[in-house]
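File shown here: upload.cif, holding mmCIF, C-alpha atoms.
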```
data_data
#
loop_
_atom_site.group_PDB
_atom_site.id
_atom_site.type_symbol
_atom_site.label_atom_id
_atom_site.label_comp_id
_atom_site.auth_asym_id
_atom_site.auth_seq_id
_atom_site.Cartn_x
_atom_site.Cartn_y
_atom_site.Cartn_z
ATOM 1 C CA MET A 1 -90.778 62.210 13.744
ATOM 2 C CA PHE A 2 -89.419 59.100 12.025
ATOM 3 C CA GLY A 3 -86.059 59.459 13.804
ATOM 4 C CA ASP A 4 -87.811 59.708 17.190
ATOM 5 C CA LEU A 5 -89.754 56.508 16.482
ATOM 6 C CA VAL A 6 -86.592 54.663 15.461
ATOM 7 C CA GLN A 7 -84.857 55.814 18.668
ATOM 8 C CA ILE A 8 -87.793 54.607 20.779
ATOM 9 C CA LEU A 9 -87.640 51.211 19.068
ATOM 10 C CA LEU A 10 -83.872 51.008 19.614
ATOM 11 C CA ASP A 11 -84.308 51.955 23.277
ATOM 12 C CA LYS A 12 -87.027 49.332 23.751
ATOM 13 C CA GLN A 13 -84.744 46.703 22.231
ATOM 14 C CA ASP A 14 -81.926 47.750 24.568
ATOM 15 C CA LEU A 15 -84.278 47.497 27.549
ATOM 16 C CA HIS A 16 -85.452 44.067 26.440
ATOM 17 C CA GLU A 17 -81.827 42.906 26.187
ATOM 18 C CA LEU A 18 -81.179 44.328 29.658
ATOM 19 C CA VAL A 19 -84.002 42.390 31.324
ATOM 20 C CA LEU A 20 -83.205 39.153 29.460
ATOM 21 C CA THR A 21 -79.554 39.491 30.460
ATOM 22 C CA TYR A 22 -80.680 39.833 34.077
ATOM 23 C CA CYS A 23 -82.414 36.432 33.817
ATOM 24 C CA ARG A 24 -79.331 34.807 32.304
ATOM 25 C CA ALA A 25 -76.991 36.362 34.872
ATOM 26 C CA VAL A 26 -79.101 35.128 37.795
ATOM 27 C CA ASP A 27 -79.631 31.625 36.393
ATOM 28 C CA ARG A 28 -75.959 31.148 35.450
ATOM 29 C CA ARG A 29 -74.829 32.747 38.745
ATOM 30 C CA ASP A 30 -72.786 35.250 36.754
ATOM 31 C CA TYR A 31 -72.665 37.905 39.451
ATOM 32 C CA ALA A 32 -70.184 40.184 37.669
ATOM 33 C CA LEU A 33 -72.543 40.354 34.699
ATOM 34 C CA LEU A 34 -75.496 40.926 37.019
ATOM 35 C CA ARG A 35 -73.769 43.821 38.780
ATOM 36 C CA SER A 36 -73.017 45.480 35.432
ATOM 37 C CA LEU A 37 -76.760 45.833 34.776
ATOM 38 C CA TYR A 38 -77.388 48.271 37.647
ATOM 39 C CA HIS A 39 -76.457 51.912 38.099
ATOM 40 C CA ASP A 40 -74.377 52.429 41.238
ATOM 41 C CA ASP A 41 -77.226 54.278 42.984
ATOM 42 C CA ALA A 42 -79.884 51.710 42.021
ATOM 43 C CA ILE A 43 -82.206 49.960 44.467
ATOM 44 C CA ASP A 44 -83.429 46.372 44.121
ATOM 45 C CA ASP A 45 -86.533 45.546 46.162
ATOM 46 C CA HIS A 46 -87.394 41.853 46.443
ATOM 47 C CA GLY A 47 -89.658 42.503 49.440
ATOM 48 C CA ALA A 48 -88.779 40.962 52.814
ATOM 49 C CA MET A 49 -86.052 38.847 51.166
ATOM 50 C CA PHE A 50 -83.888 41.775 50.129
ATOM 51 C CA LYS A 51 -83.978 45.520 49.609
ATOM 52 C CA GLY A 52 -80.852 47.539 48.926
ATOM 53 C CA GLY A 53 -78.204 48.648 46.488
ATOM 54 C CA PRO A 54 -76.630 46.607 43.709
ATOM 55 C CA ASP A 55 -73.400 45.737 45.538
ATOM 56 C CA ASP A 56 -75.351 44.432 48.517
ATOM 57 C CA TYR A 57 -77.772 42.572 46.211
ATOM 58 C CA VAL A 58 -74.915 40.837 44.387
ATOM 59 C CA ALA A 59 -73.307 39.975 47.755
ATOM 60 C CA TRP A 60 -76.615 38.598 49.125
ATOM 61 C CA LEU A 61 -77.672 36.582 46.079
ATOM 62 C CA PRO A 62 -75.111 33.696 46.188
ATOM 63 C CA GLY A 63 -76.325 32.663 49.637
ATOM 64 C CA ALA A 64 -79.961 32.901 48.578
ATOM 65 C CA MET A 65 -79.292 30.850 45.438
ATOM 66 C CA ALA A 66 -77.167 28.202 47.184
ATOM 67 C CA MET A 67 -80.217 26.155 48.153
ATOM 68 C CA TRP A 68 -81.302 25.726 44.531
ATOM 69 C CA GLU A 69 -79.981 23.069 42.175
ATOM 70 C CA THR A 70 -81.295 25.060 39.264
ATOM 71 C CA THR A 71 -83.346 28.157 38.550
ATOM 72 C CA VAL A 72 -85.013 29.426 35.401
ATOM 73 C CA HIS A 73 -86.227 33.018 35.241
ATOM 74 C CA SER A 74 -88.541 33.581 32.279
ATOM 75 C CA LEU A 75 -90.219 36.726 31.002
ATOM 76 C CA SER A 76 -93.358 36.923 28.918
ATOM 77 C CA ASN A 77 -95.204 40.239 28.644
ATOM 78 C CA CYS A 78 -92.656 43.059 28.599
ATOM 79 C CA LEU A 79 -94.156 46.518 28.368
ATOM 80 C CA PHE A 80 -91.807 49.513 28.331
ATOM 81 C CA LYS A 81 -92.632 53.221 28.440
ATOM 82 C CA ILE A 82 -89.864 55.660 27.533
ATOM 83 C CA ASP A 83 -89.516 59.348 28.319
ATOM 84 C CA GLY A 84 -86.141 60.589 27.082
ATOM 85 C CA ASP A 85 -83.417 58.964 29.193
ATOM 86 C CA ALA A 86 -85.906 57.548 31.717
ATOM 87 C CA ALA A 87 -88.080 54.496 31.247
ATOM 88 C CA GLU A 88 -90.397 52.189 33.145
ATOM 89 C CA GLY A 89 -91.230 48.557 32.563
ATOM 90 C CA GLU A 90 -93.774 46.034 33.755
ATOM 91 C CA LEU A 91 -92.491 42.525 33.070
ATOM 92 C CA TYR A 92 -94.478 39.363 33.712
ATOM 93 C CA ALA A 93 -92.115 36.748 35.101
ATOM 94 C CA VAL A 94 -92.068 33.119 36.168
ATOM 95 C CA ALA A 95 -89.181 32.104 38.402
ATOM 96 C CA TYR A 96 -88.657 28.345 38.697
ATOM 97 C CA HIS A 97 -86.515 26.948 41.531
ATOM 98 C CA ARG A 98 -85.598 23.284 42.139
ATOM 99 C CA ALA A 99 -84.035 22.054 45.363
ATOM 100 C CA PRO A 100 -81.699 19.020 45.200
ATOM 101 C CA PRO A 101 -82.432 15.604 46.739
ATOM 102 C CA PRO A 102 -83.070 14.270 49.292
ATOM 103 C CA ASP A 103 -85.754 16.936 49.852
ATOM 104 C CA ALA A 104 -86.237 17.689 46.173
ATOM 105 C CA ARG A 105 -89.033 20.145 45.483
ATOM 106 C CA GLU A 106 -89.955 22.660 42.849
ATOM 107 C CA ILE A 107 -91.147 26.157 43.516
ATOM 108 C CA ALA A 108 -92.590 28.242 40.705
ATOM 109 C CA ILE A 109 -93.315 31.874 41.428
ATOM 110 C CA GLY A 110 -95.320 34.099 39.126
ATOM 111 C CA GLY A 111 -95.201 37.820 39.391
ATOM 112 C CA ARG A 112 -94.114 41.035 37.821
ATOM 113 C CA TYR A 113 -90.961 43.093 37.871
ATOM 114 C CA LEU A 114 -91.829 46.770 38.212
ATOM 115 C CA ASP A 115 -88.759 48.521 36.902
ATOM 116 C CA ARG A 116 -87.412 52.005 36.437
ATOM 117 C CA TYR A 117 -84.458 52.446 34.132
ATOM 118 C CA GLU A 118 -82.150 55.297 33.303
ATOM 119 C CA LYS A 119 -79.971 55.798 30.273
ATOM 120 C CA ARG A 120 -76.617 57.259 31.292
ATOM 121 C CA ASP A 121 -73.616 57.629 29.012
ATOM 122 C CA GLY A 122 -75.665 55.918 26.293
ATOM 123 C CA ALA A 123 -76.420 52.756 28.333
ATOM 124 C CA TRP A 124 -79.718 51.670 29.867
ATOM 125 C CA LYS A 125 -79.448 50.138 33.339
ATOM 126 C CA PHE A 126 -81.712 49.408 36.278
ATOM 127 C CA HIS A 127 -82.379 52.340 38.581
ATOM 128 C CA ARG A 128 -85.183 50.783 40.644
ATOM 129 C CA ARG A 129 -86.396 47.188 40.519
ATOM 130 C CA ALA A 130 -89.318 45.849 42.554
ATOM 131 C CA LEU A 131 -91.029 42.477 42.559
ATOM 132 C CA ALA A 132 -94.800 42.018 42.835
ATOM 133 C CA LEU A 133 -95.838 38.431 43.660
ATOM 134 C CA ASP A 134 -98.982 37.152 41.935
ATOM 135 C CA TRP A 135 -98.864 33.385 42.634
ATOM 136 C CA CYS A 136 -96.688 30.567 43.957
ATOM 137 C CA ASN A 137 -96.745 26.760 43.529
ATOM 138 C CA VAL A 138 -94.678 24.266 45.522
ATOM 139 C CA ARG A 139 -94.503 20.539 44.809
ATOM 140 C CA ASP A 140 -92.340 17.571 45.681
ATOM 141 C CA VAL A 141 -90.110 16.183 42.923
ATOM 142 C CA ASN A 142 -89.199 12.643 42.006
ATOM 143 C CA PRO A 143 -85.607 12.975 40.676
ATOM 144 C CA ALA A 144 -86.101 9.809 38.586
ATOM 145 C CA ASP A 145 -88.624 11.723 36.461
ATOM 146 C CA TYR A 146 -85.764 13.838 35.107
ATOM 147 C CA GLU A 147 -83.853 10.716 34.073
ATOM 148 C CA THR A 148 -86.943 9.279 32.350
ATOM 149 C CA PHE A 149 -88.214 12.310 30.463
ATOM 150 C CA ALA A 150 -84.896 13.945 29.654
ATOM 151 C CA ALA A 151 -82.788 10.843 29.103
ATOM 152 C CA GLY A 152 -79.583 11.729 27.278
ATOM 153 C CA ALA A 153 -80.107 15.497 27.455
ATOM 154 C CA VAL A 154 -77.274 17.650 28.681
ATOM 155 C CA ILE A 155 -78.082 18.714 32.218
ATOM 156 C CA GLY A 156 -78.002 22.468 32.731
ATOM 157 C CA ARG A 157 -75.804 23.928 35.445
ATOM 158 C CA PRO A 158 -76.136 27.185 37.366
ATOM 159 C CA ASP A 159 -72.492 28.151 36.892
ATOM 160 C CA ALA A 160 -69.628 28.577 34.434
ATOM 161 C CA GLY A 161 -69.800 24.840 33.635
ATOM 162 C CA ASP A 162 -73.152 25.230 31.879
ATOM 163 C CA ALA A 163 -73.337 23.858 28.335
ATOM 164 C CA SER A 164 -74.287 27.286 26.982
ATOM 165 C CA TYR A 165 -70.706 28.495 27.483
ATOM 166 C CA VAL A 166 -69.466 25.697 25.224
ATOM 167 C CA ALA A 167 -72.286 25.694 22.676
ATOM 168 C CA LEU A 168 -72.623 29.482 22.378
ATOM 169 C CA GLY A 169 -69.249 31.112 21.936
ATOM 170 C CA MET A 170 -70.711 34.635 21.881
ATOM 171 C CA PHE A 171 -72.148 34.142 25.397
ATOM 172 C CA GLY A 172 -68.890 34.327 27.321
ATOM 173 C CA ARG A 173 -68.815 34.577 31.079
ATOM 174 C CA ASP A 174 -69.203 38.070 32.568
ATOM 175 C CA GLN A 175 -70.194 39.625 29.226
ATOM 176 C CA ALA A 176 -73.212 41.857 28.752
#
```

Take the structure from the file and write it as structure tokens.
Amino acid sequence: MFGDLVQILLDKQDLHELVLTYCRAVDRRDYALLRSLYHDDAIDDHGAMFKGGPDDYVAWLPGAMAMWETTVHSLSNCLFKIDGDAAEGELYAVAYHRAPPPDAREIAIGGRYLDRYEKRDGAWKFHRRALALDWCNVRDVNPADYETFAAGAVIGRPDAGDASYVALGMFGRDQA
């Protein structure tokens, strides 16, 4: 009984790490890391934008992300249900996107990831991932606001030049 509970807690922690790593991989445009999070036979369903396997998703994503100066994918409520080597998760997410000048705008999307995971060879990975949209906000941006309110702050980057790779030595590129 106690051992089963400990295993469930360990599995939930592994699943939480998996979904947080997804956010980091997308926001840092670390596509090798992103691909490592999916089983080969997985399906990612982002609605009309994309639906397909992990190789096609990773091939599609750079073009979709090219229009954004920065993105921040955040998770709040993460509920996981585990049944042996299968699990499901409902994750509340906010995905922030900012387009560069001259047409600078911000788009914040709120929704939920509806995931199915499988544990194979001791590792949890995505088997099915779907996105449910709950809300969306779009607004114009004044780029000068970023200079005023974040004066002197290191500016984040969506690539290997991001400050996190310098400041956090354990967060190397392409590492799960």

Can you write out as CSV which residues of segment 56-131 of chain A fall within 9 Å of segment 157-170 of chain A, alongside each residue's closest atom pair and its distance in Å to one decimal, counting only C-alpha atoms and ordering rows by chain and ascending residue number?
```
residue,atom,partner,partner_atom,distance
A:Trp68,CA,A:Pro158,CA,9.0
A:Glu69,CA,A:Pro158,CA,7.4
A:Thr70,CA,A:Pro158,CA,5.9
A:Thr71,CA,A:Pro158,CA,7.4
```

Next, the residues of the selection above should be written as an mmCIF file, in the frame of the given file with C-alpha atoms.
```cif
data_model
loop_
_atom_site.group_PDB
_atom_site.id
_atom_site.type_symbol
_atom_site.label_atom_id
_atom_site.label_comp_id
_atom_site.auth_asym_id
_atom_site.auth_seq_id
_atom_site.Cartn_x
_atom_site.Cartn_y
_atom_site.Cartn_z
ATOM 1 C CA TRP A 68 -81.302 25.726 44.531
ATOM 2 C CA GLU A 69 -79.981 23.069 42.175
ATOM 3 C CA THR A 70 -81.295 25.060 39.264
ATOM 4 C CA THR A 71 -83.346 28.157 38.550
#
```

Take every atom of segment 72-77 of chain A listed in the file, fit an axis-aligned box around them, add 3 Å per side, and give the centre and edge lengths in Å to one decimal as lines of an AutoDock Vina configuration file.
```
center_x = -90.1
center_y = 34.8
center_z = 32.0
size_x = 16.2
size_y = 16.8
size_z = 12.8
```

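One distance worth recording is that between atom CA of Arg112 of chain A and atom CA of Val94 of chain A, which is 8.3 Å.
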
Next on the checklist: Show me the residues around (-88.6, 46.6, 43.0) - criterion: an atom at most 10 Å away, all atoms listed in the file counted - as an MDAnalysis selection string.
Outcome noted: chainID A and resid 43:47 50:52 112:116 127:132

Checklist outcome for this item: As a check of understanding: the span from atom CA of Ile109 of chain A to atom CA of Ala144 of chain A is 23.4 Å

Next on the checklist: Translate the PyMOL selection byres ((chain A and resi 15) around 12) into a concrete residue list for this structure, as a PyMOL selection string.
Outcome noted: chain A and resi 8-14+16-22+37+78-82+85-91+115-119+123-126

Item to check | Nearest candidate to Asp140 of chain A (options A:Ala64, A:Ile107, A:Val154, A:Val72; using only C-alpha atoms) | outcome: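 Closest residue, counting only C-alpha atoms: A:Ile107.
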
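Nearest residue to Pro101 of chain A among A:Val141, A:Ala32, A:Leu133, A:Ala150 is A:Val141, counting only C-alpha atoms.
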
Item to check | Two-atom distance - atom CA of Ser76 of chain A, atom CA of Ala95 of chain A (Å) | outcome: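 Between atom CA of Ser76 of chain A and atom CA of Ala95 of chain A the gap works out to 11.4 Å.
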
Item to check | Spatial neighbours of Leu61 of chain A, max dist 9 Å, all atoms listed in the file, sep filter under 6 positions, as JSON, numbers by chain | outcome: {"A": [26, 29, 31]}

Add whatever atoms are absent from segment 81-115 of chain A to reach N, CA and C atoms, and provide the output as an mmCIF file, keeping the file's coordinate frame.
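The resulting result.cif:
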```
data_model
loop_
_atom_site.group_PDB
_atom_site.id
_atom_site.type_symbol
_atom_site.label_atom_id
_atom_site.label_comp_id
_atom_site.auth_asym_id
_atom_site.auth_seq_id
_atom_site.Cartn_x
_atom_site.Cartn_y
_atom_site.Cartn_z
ATOM 1 N N LYS A 81 -92.262 51.846 28.754
ATOM 2 C CA LYS A 81 -92.632 53.221 28.440
ATOM 3 C C LYS A 81 -91.375 54.061 28.581
ATOM 4 N N ILE A 82 -91.109 54.885 27.577
ATOM 5 C CA ILE A 82 -89.864 55.660 27.533
ATOM 6 C C ILE A 82 -90.180 57.143 27.497
ATOM 7 N N ASP A 83 -89.422 57.894 28.309
ATOM 8 C CA ASP A 83 -89.516 59.348 28.319
ATOM 9 C C ASP A 83 -88.087 59.885 28.355
ATOM 10 N N GLY A 84 -87.525 60.122 27.175
ATOM 11 C CA GLY A 84 -86.141 60.589 27.082
ATOM 12 C C GLY A 84 -85.170 59.540 27.586
ATOM 13 N N ASP A 85 -84.396 59.893 28.628
ATOM 14 C CA ASP A 85 -83.417 58.964 29.193
ATOM 15 C C ASP A 85 -83.942 58.258 30.434
ATOM 16 N N ALA A 86 -85.255 58.273 30.626
ATOM 17 C CA ALA A 86 -85.906 57.548 31.717
ATOM 18 C C ALA A 86 -86.919 56.596 31.100
ATOM 19 N N ALA A 87 -87.111 55.461 31.750
ATOM 20 C CA ALA A 87 -88.080 54.496 31.247
ATOM 21 C C ALA A 87 -88.626 53.684 32.420
ATOM 22 N N GLU A 88 -89.789 53.093 32.189
ATOM 23 C CA GLU A 88 -90.397 52.189 33.145
ATOM 24 C C GLU A 88 -90.800 50.921 32.415
ATOM 25 N N GLY A 89 -90.838 49.824 33.153
ATOM 26 C CA GLY A 89 -91.230 48.557 32.563
ATOM 27 C C GLY A 89 -92.013 47.713 33.539
ATOM 28 N N GLU A 90 -93.050 47.060 33.009
ATOM 29 C CA GLU A 90 -93.774 46.034 33.755
ATOM 30 C C GLU A 90 -93.546 44.733 33.012
ATOM 31 N N LEU A 91 -92.897 43.778 33.695
ATOM 32 C CA LEU A 91 -92.491 42.525 33.070
ATOM 33 C C LEU A 91 -93.127 41.361 33.799
ATOM 34 N N TYR A 92 -93.904 40.564 33.104
ATOM 35 C CA TYR A 92 -94.478 39.363 33.712
ATOM 36 C C TYR A 92 -93.394 38.298 33.741
ATOM 37 N N ALA A 93 -93.221 37.689 34.914
ATOM 38 C CA ALA A 93 -92.115 36.748 35.101
ATOM 39 C C ALA A 93 -92.591 35.481 35.787
ATOM 40 N N VAL A 94 -91.943 34.377 35.440
ATOM 41 C CA VAL A 94 -92.068 33.119 36.168
ATOM 42 C C VAL A 94 -90.664 32.726 36.573
ATOM 43 N N ALA A 95 -90.481 32.517 37.875
ATOM 44 C CA ALA A 95 -89.181 32.104 38.402
ATOM 45 C C ALA A 95 -89.326 30.686 38.954
ATOM 46 N N TYR A 96 -88.624 29.756 38.318
ATOM 47 C CA TYR A 96 -88.657 28.345 38.697
ATOM 48 C C TYR A 96 -87.417 28.041 39.534
ATOM 49 N N HIS A 97 -87.605 27.323 40.633
ATOM 50 C CA HIS A 97 -86.515 26.948 41.531
ATOM 51 C C HIS A 97 -86.658 25.452 41.853
ATOM 52 N N ARG A 98 -85.555 24.706 41.772
ATOM 53 C CA ARG A 98 -85.598 23.284 42.139
ATOM 54 C C ARG A 98 -84.524 22.999 43.178
ATOM 55 N N ALA A 99 -84.954 22.444 44.296
ATOM 56 C CA ALA A 99 -84.035 22.054 45.363
ATOM 57 C C ALA A 99 -83.520 20.636 45.078
ATOM 58 N N PRO A 100 -82.274 20.355 45.461
ATOM 59 C CA PRO A 100 -81.699 19.020 45.200
ATOM 60 C C PRO A 100 -82.245 17.969 46.169
ATOM 61 N N PRO A 101 -82.071 16.672 45.810
ATOM 62 C CA PRO A 101 -82.432 15.604 46.739
ATOM 63 C C PRO A 101 -81.573 15.724 47.997
ATOM 64 N N PRO A 102 -81.962 15.222 49.108
ATOM 65 C CA PRO A 102 -83.070 14.270 49.292
ATOM 66 C C PRO A 102 -84.435 14.933 49.456
ATOM 67 N N ASP A 103 -84.474 16.236 49.673
ATOM 68 C CA ASP A 103 -85.754 16.936 49.852
ATOM 69 C C ASP A 103 -86.136 17.692 48.590
ATOM 70 N N ALA A 104 -86.001 17.033 47.453
ATOM 71 C CA ALA A 104 -86.237 17.689 46.173
ATOM 72 C C ALA A 104 -87.662 18.234 46.092
ATOM 73 N N ARG A 105 -87.742 19.506 45.709
ATOM 74 C CA ARG A 105 -89.033 20.145 45.483
ATOM 75 C C ARG A 105 -88.842 21.236 44.440
ATOM 76 N N GLU A 106 -89.952 21.588 43.831
ATOM 77 C CA GLU A 106 -89.955 22.660 42.849
ATOM 78 C C GLU A 106 -90.843 23.780 43.359
ATOM 79 N N ILE A 107 -90.359 24.979 43.172
ATOM 80 C CA ILE A 107 -91.147 26.157 43.516
ATOM 81 C C ILE A 107 -91.196 27.031 42.263
ATOM 82 N N ALA A 108 -92.394 27.336 41.841
ATOM 83 C CA ALA A 108 -92.590 28.242 40.705
ATOM 84 C C ALA A 108 -93.339 29.459 41.223
ATOM 85 N N ILE A 109 -92.759 30.611 40.955
ATOM 86 C CA ILE A 109 -93.315 31.874 41.428
ATOM 87 C C ILE A 109 -93.676 32.714 40.211
ATOM 88 N N GLY A 110 -94.887 33.209 40.199
ATOM 89 C CA GLY A 110 -95.320 34.099 39.126
ATOM 90 C C GLY A 110 -95.530 35.486 39.667
ATOM 91 N N GLY A 111 -95.035 36.443 38.946
ATOM 92 C CA GLY A 111 -95.201 37.820 39.391
ATOM 93 C C GLY A 111 -94.781 38.781 38.313
ATOM 94 N N ARG A 112 -94.512 39.999 38.752
ATOM 95 C CA ARG A 112 -94.114 41.035 37.821
ATOM 96 C C ARG A 112 -92.953 41.828 38.401
ATOM 97 N N TYR A 113 -91.997 42.133 37.531
ATOM 98 C CA TYR A 113 -90.961 43.093 37.871
ATOM 99 C C TYR A 113 -91.494 44.463 37.497
ATOM 100 N N LEU A 114 -91.406 45.383 38.432
ATOM 101 C CA LEU A 114 -91.829 46.770 38.212
ATOM 102 C C LEU A 114 -90.557 47.606 38.239
ATOM 103 N N ASP A 115 -90.089 47.943 37.060
ATOM 104 C CA ASP A 115 -88.759 48.521 36.902
ATOM 105 C C ASP A 115 -88.792 49.990 36.511
#
```
